[in-house]
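As provided, run22.cif (mmCIF, C-alpha atoms) reads as follows.
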data_work
#
loop_
_atom_site.group_PDB
_atom_site.id
_atom_site.type_symbol
_atom_site.label_atom_id
_atom_site.label_comp_id
_atom_site.auth_asym_id
_atom_site.auth_seq_id
_atom_site.Cartn_x
_atom_site.Cartn_y
_atom_site.Cartn_z
ATOM 1 C CA MET A 27 -24.336 -85.995 -8.312
ATOM 2 C CA GLU A 28 -27.011 -88.687 -8.439
ATOM 3 C CA GLU A 29 -26.934 -92.195 -7.094
ATOM 4 C CA ASN A 30 -28.499 -94.866 -9.280
ATOM 5 C CA ASN A 31 -28.326 -98.483 -8.089
ATOM 6 C CA GLY A 32 -25.266 -97.671 -6.042
ATOM 7 C CA ILE A 33 -23.481 -96.021 -8.993
ATOM 8 C CA TYR A 34 -22.718 -92.320 -8.788
ATOM 9 C CA TYR A 35 -23.561 -90.334 -11.900
ATOM 10 C CA GLU A 36 -21.849 -86.993 -12.451
ATOM 11 C CA PRO A 37 -24.008 -84.666 -14.574
ATOM 12 C CA ARG A 38 -22.154 -83.596 -17.739
ATOM 13 C CA TYR A 39 -24.366 -81.056 -19.462
ATOM 14 C CA THR A 40 -24.692 -78.516 -16.678
ATOM 15 C CA MET A 41 -24.892 -74.710 -16.855
ATOM 16 C CA ARG A 42 -21.247 -74.640 -15.739
ATOM 17 C CA TRP A 43 -20.297 -76.924 -18.653
ATOM 18 C CA LEU A 44 -22.233 -74.665 -21.037
ATOM 19 C CA GLY A 45 -20.439 -71.548 -19.801
ATOM 20 C CA ILE A 46 -16.932 -73.035 -19.860
ATOM 21 C CA GLN A 47 -17.456 -74.689 -23.241
ATOM 22 C CA THR A 48 -18.731 -71.446 -24.753
ATOM 23 C CA LEU A 49 -15.688 -69.522 -23.465
ATOM 24 C CA ILE A 50 -13.307 -72.162 -24.862
ATOM 25 C CA ILE A 51 -15.045 -72.139 -28.241
ATOM 26 C CA VAL A 52 -14.968 -68.343 -28.546
ATOM 27 C CA ALA A 53 -11.318 -68.153 -27.420
ATOM 28 C CA VAL A 54 -10.135 -70.841 -29.866
ATOM 29 C CA ALA A 55 -12.215 -69.320 -32.682
ATOM 30 C CA PHE A 56 -10.634 -65.913 -32.038
ATOM 31 C CA ILE A 57 -7.092 -67.333 -32.037
ATOM 32 C CA LEU A 58 -7.707 -69.278 -35.253
ATOM 33 C CA ALA A 59 -9.311 -66.228 -36.916
ATOM 34 C CA VAL A 60 -6.184 -64.185 -36.111
ATOM 35 C CA VAL A 61 -3.963 -66.931 -37.551
ATOM 36 C CA VAL A 62 -6.140 -67.245 -40.681
ATOM 37 C CA SER A 63 -5.990 -63.475 -41.240
ATOM 38 C CA SER A 64 -2.275 -63.901 -42.030
ATOM 39 C CA ILE A 65 -3.342 -65.667 -45.248
ATOM 40 C CA ASP A 66 -4.195 -62.205 -46.612
ATOM 41 C CA GLY A 67 -0.532 -61.190 -46.736
ATOM 42 C CA PHE A 68 0.440 -64.560 -48.182
ATOM 43 C CA ALA A 69 -2.250 -64.250 -50.872
ATOM 44 C CA GLN A 70 -1.060 -60.767 -51.765
ATOM 45 C CA GLY A 71 2.406 -62.173 -52.357
ATOM 46 C CA ARG A 72 0.919 -64.797 -54.668
ATOM 47 C CA VAL A 73 -0.744 -62.009 -56.688
ATOM 48 C CA GLU A 74 2.548 -60.138 -56.991
ATOM 49 C CA SER A 75 4.272 -63.304 -58.204
ATOM 50 C CA GLY A 76 1.531 -63.828 -60.821
ATOM 51 C CA LEU A 77 0.181 -67.040 -59.308
ATOM 52 C CA LEU A 78 -3.213 -65.612 -58.255
ATOM 53 C CA ALA A 79 -5.564 -63.279 -60.130
ATOM 54 C CA ALA A 80 -6.159 -59.917 -58.445
ATOM 55 C CA GLY A 81 -9.943 -60.436 -58.575
ATOM 56 C CA ASP A 82 -9.688 -63.796 -56.823
ATOM 57 C CA TYR A 83 -7.376 -62.288 -54.211
ATOM 58 C CA SER A 84 -9.989 -59.634 -53.415
ATOM 59 C CA ILE A 85 -12.701 -62.261 -52.856
ATOM 60 C CA ILE A 86 -10.437 -64.509 -50.775
ATOM 61 C CA SER A 87 -9.366 -61.508 -48.694
ATOM 62 C CA ASP A 88 -13.031 -60.649 -48.051
ATOM 63 C CA SER A 89 -13.812 -64.255 -47.101
ATOM 64 C CA LEU A 90 -11.317 -64.147 -44.208
ATOM 65 C CA VAL A 91 -13.675 -61.780 -42.377
ATOM 66 C CA TYR A 92 -16.156 -64.625 -41.933
ATOM 67 C CA CYS A 93 -13.703 -67.082 -40.360
ATOM 68 C CA PHE A 94 -14.503 -66.224 -36.729
ATOM 69 C CA GLY A 95 -18.252 -66.360 -37.350
ATOM 70 C CA ILE A 96 -18.160 -69.684 -39.212
ATOM 71 C CA ILE A 97 -16.052 -71.368 -36.522
ATOM 72 C CA THR A 98 -18.112 -69.957 -33.639
ATOM 73 C CA ILE A 99 -21.538 -70.722 -35.123
ATOM 74 C CA THR A 100 -20.514 -74.253 -36.120
ATOM 75 C CA SER A 101 -19.007 -75.030 -32.713
ATOM 76 C CA LEU A 102 -21.975 -73.634 -30.779
ATOM 77 C CA SER A 103 -24.268 -75.691 -33.005
ATOM 78 C CA LEU A 104 -22.234 -78.781 -32.112
ATOM 79 C CA MET A 105 -22.831 -77.996 -28.439
ATOM 80 C CA LEU A 106 -26.574 -78.134 -29.085
ATOM 81 C CA VAL A 107 -26.091 -81.412 -30.964
ATOM 82 C CA GLU A 108 -24.278 -82.770 -27.905
ATOM 83 C CA ILE A 109 -27.094 -81.752 -25.589
ATOM 84 C CA ALA A 110 -29.904 -82.883 -27.910
ATOM 85 C CA PHE A 111 -28.479 -86.298 -28.776
ATOM 86 C CA ARG A 112 -26.403 -86.919 -25.606
ATOM 87 C CA LYS A 113 -23.338 -87.676 -27.725
ATOM 88 C CA PRO A 114 -20.209 -86.261 -26.046
ATOM 89 C CA ILE A 115 -17.688 -84.420 -28.228
ATOM 90 C CA ASN A 116 -14.403 -83.844 -26.414
ATOM 91 C CA ASN A 117 -12.338 -80.656 -26.629
ATOM 92 C CA LEU A 118 -9.725 -82.229 -28.903
ATOM 93 C CA GLN A 119 -12.467 -83.137 -31.376
ATOM 94 C CA TYR A 120 -13.852 -79.582 -31.197
ATOM 95 C CA ILE A 121 -10.380 -78.192 -31.946
ATOM 96 C CA LEU A 122 -9.881 -80.586 -34.879
ATOM 97 C CA ILE A 123 -13.212 -79.475 -36.361
ATOM 98 C CA GLU A 124 -12.250 -75.824 -35.877
ATOM 99 C CA LEU A 125 -8.877 -76.462 -37.549
ATOM 100 C CA ALA A 126 -10.674 -78.049 -40.522
ATOM 101 C CA LEU A 127 -12.874 -74.937 -40.775
ATOM 102 C CA SER A 128 -9.760 -72.741 -40.673
ATOM 103 C CA LEU A 129 -7.931 -74.791 -43.297
ATOM 104 C CA PHE A 130 -10.791 -74.003 -45.707
ATOM 105 C CA TYR A 131 -9.262 -70.607 -46.486
ATOM 106 C CA LEU A 132 -5.772 -71.901 -47.258
ATOM 107 C CA LEU A 133 -7.232 -74.647 -49.452
ATOM 108 C CA LEU A 134 -9.379 -72.047 -51.229
ATOM 109 C CA LEU A 135 -6.313 -69.919 -51.944
ATOM 110 C CA ALA A 136 -4.301 -72.904 -53.216
ATOM 111 C CA MET A 137 -7.166 -74.154 -55.401
ATOM 112 C CA ALA A 138 -8.000 -70.688 -56.802
ATOM 113 C CA GLU A 139 -4.476 -70.461 -58.208
ATOM 114 C CA LYS A 140 -5.192 -73.424 -60.488
ATOM 115 C CA ILE A 141 -8.898 -73.313 -61.390
ATOM 116 C CA PRO A 142 -11.710 -70.679 -61.514
ATOM 117 C CA PHE A 143 -12.823 -69.325 -58.132
ATOM 118 C CA ILE A 144 -16.373 -70.720 -58.158
ATOM 119 C CA ALA A 145 -15.083 -74.228 -58.914
ATOM 120 C CA SER A 146 -12.466 -73.824 -56.174
ATOM 121 C CA TYR A 147 -15.107 -72.703 -53.697
ATOM 122 C CA ILE A 148 -17.422 -75.631 -54.467
ATOM 123 C CA ILE A 149 -14.627 -78.223 -54.276
ATOM 124 C CA VAL A 150 -13.153 -76.876 -51.016
ATOM 125 C CA THR A 151 -16.625 -76.541 -49.470
ATOM 126 C CA LEU A 152 -17.438 -80.165 -50.343
ATOM 127 C CA MET A 153 -14.075 -81.285 -48.931
ATOM 128 C CA THR A 154 -14.562 -79.369 -45.674
ATOM 129 C CA VAL A 155 -18.207 -80.290 -45.161
ATOM 130 C CA GLY A 156 -17.542 -83.918 -46.103
ATOM 131 C CA LEU A 157 -14.617 -84.234 -43.681
ATOM 132 C CA ILE A 158 -16.517 -82.724 -40.742
ATOM 133 C CA VAL A 159 -19.725 -84.660 -41.450
ATOM 134 C CA LEU A 160 -17.825 -87.969 -41.595
ATOM 135 C CA PHE A 161 -16.090 -87.047 -38.339
ATOM 136 C CA ILE A 162 -19.405 -86.242 -36.655
ATOM 137 C CA LYS A 163 -20.837 -89.514 -37.983
ATOM 138 C CA GLY A 164 -17.933 -91.371 -36.374
ATOM 139 C CA ILE A 165 -18.387 -89.517 -33.079
ATOM 140 C CA THR A 166 -22.160 -89.670 -32.730
ATOM 141 C CA ALA A 167 -23.233 -92.596 -34.927
ATOM 142 C CA ASN A 168 -26.539 -90.705 -35.132
ATOM 143 C CA LYS A 169 -28.208 -90.057 -38.488
ATOM 144 C CA MET A 170 -30.169 -87.005 -37.338
ATOM 145 C CA ALA A 171 -27.066 -85.410 -35.815
ATOM 146 C CA VAL A 172 -25.184 -85.923 -39.090
ATOM 147 C CA ILE A 173 -28.035 -84.414 -41.140
ATOM 148 C CA LEU A 174 -28.296 -81.437 -38.805
ATOM 149 C CA VAL A 175 -24.567 -80.676 -38.935
ATOM 150 C CA SER A 176 -24.576 -81.113 -42.736
ATOM 151 C CA VAL A 177 -27.414 -78.604 -43.138
ATOM 152 C CA ILE A 178 -25.749 -76.061 -40.831
ATOM 153 C CA LEU A 179 -22.425 -76.251 -42.694
ATOM 154 C CA VAL A 180 -23.986 -76.063 -46.160
ATOM 155 C CA VAL A 181 -26.120 -73.057 -45.168
ATOM 156 C CA GLU A 182 -23.049 -71.294 -43.718
ATOM 157 C CA TYR A 183 -20.911 -71.754 -46.819
ATOM 158 C CA VAL A 184 -23.724 -70.923 -49.256
ATOM 159 C CA LEU A 185 -24.474 -67.774 -47.269
ATOM 160 C CA MET A 186 -20.787 -66.801 -47.209
ATOM 161 C CA TYR A 187 -20.539 -67.223 -50.989
ATOM 162 C CA ILE A 188 -23.645 -65.074 -51.512
ATOM 163 C CA LEU A 189 -22.199 -62.363 -49.261
ATOM 164 C CA LEU A 190 -18.885 -62.456 -51.134
ATOM 165 C CA MET A 191 -20.707 -61.953 -54.437
ATOM 166 C CA LEU A 192 -23.040 -59.187 -53.254
ATOM 167 C CA GLY A 193 -20.459 -56.412 -52.955
ATOM 168 C CA SER A 194 -22.034 -53.263 -51.484
ATOM 169 C CA MET A 195 -25.177 -55.165 -50.426
ATOM 170 C CA ALA A 196 -23.154 -57.620 -48.320
ATOM 171 C CA LEU A 197 -23.364 -55.507 -45.149
ATOM 172 C CA LEU A 198 -27.161 -55.275 -45.258
ATOM 173 C CA VAL A 199 -27.728 -58.934 -46.118
ATOM 174 C CA GLY A 200 -25.068 -60.051 -43.623
ATOM 175 C CA SER A 201 -26.668 -57.997 -40.853
ATOM 176 C CA LEU A 202 -30.090 -59.478 -41.605
ATOM 177 C CA ALA A 203 -28.584 -62.962 -41.633
ATOM 178 C CA LEU A 204 -26.985 -62.353 -38.224
ATOM 179 C CA PHE A 205 -30.315 -61.110 -36.911
ATOM 180 C CA ALA A 206 -31.982 -64.317 -38.144
ATOM 181 C CA LEU A 207 -29.241 -66.451 -36.554
ATOM 182 C CA ILE A 208 -29.656 -64.686 -33.204
ATOM 183 C CA ALA A 209 -33.420 -65.235 -33.415
ATOM 184 C CA ILE A 210 -32.863 -68.962 -34.089
ATOM 185 C CA ALA A 211 -30.385 -69.153 -31.196
ATOM 186 C CA MET A 212 -32.919 -67.489 -28.880
ATOM 187 C CA TYR A 213 -35.561 -69.992 -29.973
ATOM 188 C CA PHE A 214 -33.349 -72.978 -29.166
ATOM 189 C CA THR A 215 -32.225 -71.550 -25.811
ATOM 190 C CA LEU A 216 -35.905 -71.378 -24.850
ATOM 191 C CA LYS A 217 -35.967 -75.143 -25.425
ATOM 192 C CA LEU A 218 -33.061 -75.689 -23.009
ATOM 193 C CA LYS A 219 -34.339 -76.980 -19.676
ATOM 194 C CA ILE A 220 -32.651 -78.347 -16.575
ATOM 195 C CA GLU A 221 -33.709 -81.815 -15.444
ATOM 196 C CA ASN A 222 -31.873 -83.698 -12.723
ATOM 197 C CA GLU A 223 -29.154 -81.008 -12.776
ATOM 198 C CA GLU A 224 -28.566 -81.537 -16.525
ATOM 199 C CA LEU A 225 -29.436 -79.466 -19.557
ATOM 200 C CA VAL A 226 -31.850 -81.095 -21.985
ATOM 201 C CA LEU A 227 -33.248 -79.812 -25.280
ATOM 202 C CA LYS A 228 -37.015 -80.156 -25.174
ATOM 203 C CA LYS A 229 -39.159 -80.440 -28.315
#
Could you take the file, read its structure, and then write that structure out as structure tokens?
Amino acid sequence: MEENNGIYYEPRYTMRWLGIQTLIIVAVAFILAVVVSSIDGFAQGRVESGLLAAGDYSIISDSLVYCFGIITITSLSLMLVEIAFRKPINNLQYILIELALSLFYLLLLAMAEKIPFIASYIIVTLMTVGLIVLFIKGITANKMAVILVSVILVVEYVLMYILLMLGSMALLVGSLALFALIAIAMYFTLKLKIENEELVLKK
């Protein structure tokens, strides 16, 4: 705790904050991924009732595998945005963003019943990305933070679509993509420094 002109300042972005926030993010992402996995059974019922094409069901079922990864990567990226731009995002806001990411799959299922899958995917992706980006804009009021979050979300959903379309090559490409993501994460953690008991992201 620092004293500045008689006012005590409690550091926010400490190593303890980083550890606790990471645990919360992973725990919530896991719970939501388990909940989202129940959509598979629901989607199967829609196929049996003739509301959903069997081919679309197969793709939607495969997409559920990526739920945990999408939520975790997005939320951890938001932590870096917090540290870099010093714009606090509270836990309720994190959970709302994670719920929006989870709702993607239900919206995709509902939309795929009415229009072709690729159109459904594009529309639901734009809805999800747009909602989260507007929310981040309201929270941070920072143009660079908004652009960064937009790029991360678009890359995630484009990559997921590519993996869904690749079939037998999905494992190889997905593994390489994870390797690249870990490399990027390592790079940014090298930029994390502690100054005055707080984490800062150095250029």
If you take all atoms listed in the file and a cut-off of 12 Å, which residues of stretch 125-209 of chain A touch stretch 83-90 of chain A, and what are their nearest atom pairs and distances in Å to one decimal, in chain and number order, as CSV?
residue,atom,partner,partner_atom,distance
A:Leu127,CA,A:Leu90,CA,11.4
A:Ser128,CA,A:Leu90,CA,9.4
A:Leu129,CA,A:Leu90,CA,11.2
A:Phe130,CA,A:Leu90,CA,10.0
A:Tyr131,CA,A:Leu90,CA,7.2
A:Leu132,CA,A:Ile86,CA,9.4
A:Leu133,CA,A:Ile86,CA,10.7
A:Leu134,CA,A:Ile86,CA,7.6
A:Leu135,CA,A:Ile86,CA,6.9
A:Ala136,CA,A:Ile86,CA,10.7
A:Met137,CA,A:Ile86,CA,11.2
A:Ala138,CA,A:Tyr83,CA,8.8
A:Glu139,CA,A:Tyr83,CA,9.5
A:Pro142,CA,A:Tyr83,CA,11.9
A:Phe143,CA,A:Ile85,CA,8.8
A:Ile144,CA,A:Ile85,CA,10.6
A:Ser146,CA,A:Ile86,CA,11.0
A:Tyr147,CA,A:Ile86,CA,9.9
A:Tyr183,CA,A:Ser89,CA,10.3
A:Leu185,CA,A:Ser89,CA,11.2
A:Met186,CA,A:Ser89,CA,7.4
A:Tyr187,CA,A:Ser89,CA,8.3
A:Ile188,CA,A:Ser89,CA,10.8
A:Leu189,CA,A:Ser89,CA,8.9
A:Leu190,CA,A:Ile85,CA,6.4
A:Met191,CA,A:Ile85,CA,8.2
A:Leu192,CA,A:Ile85,CA,10.8
A:Gly193,CA,A:Ile85,CA,9.7
A:Ala196,CA,A:Asp88,CA,10.6
A:Leu197,CA,A:Asp88,CA,11.9
Report task. Kindly give the distance, in Å, that separates atom CA of A:Tyr92 and atom CA of A:Lys113, rounded to a single decimal. Result ->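 Atom CA of A:Tyr92 sits 28.0 Å away from atom CA of A:Lys113.
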Requested in this report: Taking the file as shown, find all residues satisfying the PyMOL selection byres ((chain A and resi 218) around 12) and write them as a PyMOL selection string.
Outcome: chain A and resi 39-41+44+105-106+109-110+211-217+219-221+224-229
**Report entry** Which of A:Leu204, A:Gln119, A:Thr151, A:Lys140 sits closest to A:Leu78 [using only C-alpha atoms]
**Finding:**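 Of A:Leu204, A:Gln119, A:Thr151, A:Lys140, the one nearest A:Leu78, counting only C-alpha atoms, is A:Lys140.
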Query raised in the report: Got a sec: who's within 8 Å of A:Val155, counting all atoms listed in the file, leaving out chain neighbours fewer than 2 positions off, as a ChimeraX atom specification?
Result: /A:151-153,157-159,176,179-180
**Report entry** For atom CA of A:Ile178 and atom CA of A:Arg38, the interatomic separation in Å (one decimal)
**Finding:**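 Computing the Euclidean distance for atom CA of A:Ile178 and atom CA of A:Arg38 yields 24.6 Å.
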Taking the structure in the block just given, could you write stretch 125-143 of chain A with C-alpha atoms, as an mmCIF file, in the first residue's frame?
data_model
loop_
_atom_site.group_PDB
_atom_site.id
_atom_site.type_symbol
_atom_site.label_atom_id
_atom_site.label_comp_id
_atom_site.auth_asym_id
_atom_site.auth_seq_id
_atom_site.Cartn_x
_atom_site.Cartn_y
_atom_site.Cartn_z
ATOM 1 C CA LEU A 125 -22.297 -16.024 -20.755
ATOM 2 C CA ALA A 126 -22.465 -14.196 -24.105
ATOM 3 C CA LEU A 127 -19.719 -16.496 -25.428
ATOM 4 C CA SER A 128 -21.668 -19.525 -24.180
ATOM 5 C CA LEU A 129 -24.948 -18.341 -25.688
ATOM 6 C CA PHE A 130 -23.238 -18.399 -29.106
ATOM 7 C CA TYR A 131 -23.817 -22.149 -29.385
ATOM 8 C CA LEU A 132 -27.528 -22.047 -28.568
ATOM 9 C CA LEU A 133 -28.026 -19.164 -31.002
ATOM 10 C CA LEU A 134 -26.107 -21.111 -33.657
ATOM 11 C CA LEU A 135 -28.372 -24.123 -33.168
ATOM 12 C CA ALA A 136 -31.544 -22.005 -33.316
ATOM 13 C CA MET A 137 -30.369 -20.110 -36.410
ATOM 14 C CA ALA A 138 -29.154 -23.252 -38.234
ATOM 15 C CA GLU A 139 -32.684 -24.653 -38.071
ATOM 16 C CA LYS A 140 -33.922 -21.797 -40.262
ATOM 17 C CA ILE A 141 -31.078 -20.838 -42.618
ATOM 18 C CA PRO A 142 -27.901 -22.488 -44.049
ATOM 19 C CA PHE A 143 -25.140 -23.172 -41.515
#
